[in-house]
Every structure is written in structure tokens, then in C-alpha cells.
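The structure appears right after this line, and notes come after that.
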Amino acid sequence: MTTKTATISQVQHSKSDVKRLVKAMTVIAWVVLAIGVVLSLVNLSHFSDRNVGLMVGIGFLIGSVHIYVIGTAIGLVHARLNQETPSNHSDN
């Protein structure tokens with residue numbers, strides 16, 4: 001009885017897939033940022049930690065930054081991986 005195994009190096013993602021992911025995450029981050037700004041501005045009159053709308057708006061603002069940073073990091077790591085991969089194959 002044999003089993004097939006796949007290593008990470010065998011799975012190749014095209015550049016367009018990663019670029020689409022980075023662009024999608026950037027768009028999502030901007031949408032979440034806009035929602036956060038709207039929620040924060042609408043609920044700014046009662047500035048308190050008991051103001052759920054304001055707290056959710058601030059959470060959306062913080063979350064948008066995290067989404068953008070993660071998307072950018074994925075793009076940079078993939079670019080670095082593609083930059084180093086051809087040099088490793090040219091040594092063989």
C-alpha cells in the first residue's frame with residue numbers, strides 16, 4: 001500500500017494568483033477602512049467605551065490596517081521567493 005505525498009516545493013502558485021490575492025486584500029482593507037470611518041463618525045457624539053457603534057468602528061479601522069499589512073507582506077514574501085528561486089536553479 002503506497003501513499004502519495006506532496007511537499008510545499010511541489011506546489012507552485014503563479015504570479016497572477018498572488019497579485020490577485022494582494023489586490024483583493026487591498027480592496028478589502030479599503031472597504032473595511034471606509035466602513036470603520038463611517039461607523040466612527042456616525043457614533044462620535046457619545047464618546048464612551050459603552051458606545052458599541054464607535055467601538056466597532058474603531059475595530060474596523062484597526063482591522064483594515066492589519067488586512068493591508070498582511071496582504072502587503074504576502075506580496076513581498078512571494079516577490080522575495082521568486083527572486084531567490086532562479087538563482088538556486090542556476091547553480092545546478
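In the C-alpha cells, each chain is lettered A, B, ... as it comes, each chain's residues begin at 1, and ligands are numbered from 1 in order of appearance.
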I'd like the neighbourhood of A:Val31 as a PyMOL selection string, where a residue qualifies if any of its atoms comes within 12 Å (using only C-alpha atoms), though same-chain residues fewer than 4 positions away should be ignored. chain A and resi 24-27+35-38+60-61+63-65+67-68
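Each of A:His66, A:Arg20, A:Arg80, A:Lys4 was compared to A:Leu33 using only C-alpha atoms, and A:His66 turns out to be the nearest.
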From atom CA of A:Ile28 to atom CA of A:Asn43 the spacing works out at 22.5 Å
Q: Write out as number ranges by chain all residues of chain A that DSSP puts in helix (DSSP H, G or I) for this structure's backbone.
A: A: 8-10, 15-42, 52-90
Take the residues from that selection and write them out as a compact mmCIF listing (two decimals), in the first residue's frame, keeping C-alpha atoms.
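selection-v8.txt was written with the following content:
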```
# COMPACT_ATOMS: atom_id res chain seq x y z
CA ILE A 8 5.49 22.55 -0.31
CA SER A 9 8.13 22.94 -3.02
CA GLN A 10 5.97 20.93 -5.43
CA LYS A 15 2.42 35.31 -10.04
CA SER A 16 -1.05 36.32 -11.16
CA ASP A 17 -2.66 34.35 -8.31
CA VAL A 18 -0.58 36.14 -5.71
CA LYS A 19 -1.08 39.53 -7.37
CA ARG A 20 -4.84 38.94 -7.43
CA LEU A 21 -4.75 38.00 -3.74
CA VAL A 22 -2.76 41.11 -2.83
CA LYS A 23 -5.10 43.34 -4.86
CA ALA A 24 -8.16 41.69 -3.33
CA MET A 25 -6.81 42.16 0.19
CA THR A 26 -6.01 45.80 -0.58
CA VAL A 27 -9.56 46.41 -1.80
CA ILE A 28 -10.99 44.62 1.24
CA ALA A 29 -8.79 46.73 3.52
CA TRP A 30 -10.05 49.95 1.91
CA VAL A 31 -13.68 48.82 2.20
CA VAL A 32 -13.22 47.91 5.86
CA LEU A 33 -11.50 51.27 6.45
CA ALA A 34 -14.42 53.13 4.87
CA ILE A 35 -16.92 51.21 7.00
CA GLY A 36 -14.86 52.00 10.09
CA VAL A 37 -14.71 55.71 9.28
CA VAL A 38 -18.46 55.87 8.69
CA LEU A 39 -19.29 53.97 11.88
CA SER A 40 -16.88 56.08 13.92
CA LEU A 41 -18.16 59.40 12.58
CA VAL A 42 -21.83 58.47 12.98
CA VAL A 52 -20.89 49.90 20.71
CA GLY A 53 -21.05 51.55 17.27
CA LEU A 54 -17.98 53.63 17.98
CA MET A 55 -16.05 50.66 19.36
CA VAL A 56 -16.94 48.55 16.32
CA GLY A 57 -15.89 51.44 14.06
CA ILE A 58 -12.53 51.70 15.79
CA GLY A 59 -12.16 47.92 15.48
CA PHE A 60 -12.79 48.18 11.74
CA LEU A 61 -10.15 50.92 11.47
CA ILE A 62 -7.58 48.77 13.24
CA GLY A 63 -8.61 45.67 11.31
CA SER A 64 -8.19 47.42 7.97
CA VAL A 65 -4.57 48.20 8.79
CA HIS A 66 -3.95 44.56 9.70
CA ILE A 67 -5.57 43.31 6.48
CA TYR A 68 -3.47 45.71 4.41
CA VAL A 69 -0.22 44.77 6.18
CA ILE A 70 -0.86 41.04 5.80
CA GLY A 71 -1.66 41.46 2.09
CA THR A 72 1.47 43.52 1.53
CA ALA A 73 3.59 41.00 3.44
CA ILE A 74 2.27 38.15 1.29
CA GLY A 75 3.23 40.07 -1.84
CA LEU A 76 6.70 40.88 -0.52
CA VAL A 77 7.40 37.32 0.61
CA HIS A 78 6.29 35.95 -2.75
CA ALA A 79 8.43 38.50 -4.60
CA ARG A 80 11.43 37.56 -2.47
CA LEU A 81 10.78 33.86 -3.04
CA ASN A 82 10.64 34.37 -6.82
CA GLN A 83 13.78 36.48 -6.66
CA GLU A 84 15.77 33.77 -4.85
CA THR A 85 14.38 30.71 -6.66
CA PRO A 86 16.02 31.28 -10.10
CA SER A 87 19.45 31.81 -8.52
CA ASN A 88 19.19 28.42 -6.77
CA HIS A 89 18.36 26.63 -10.04
CA SER A 90 21.20 28.29 -11.98
```
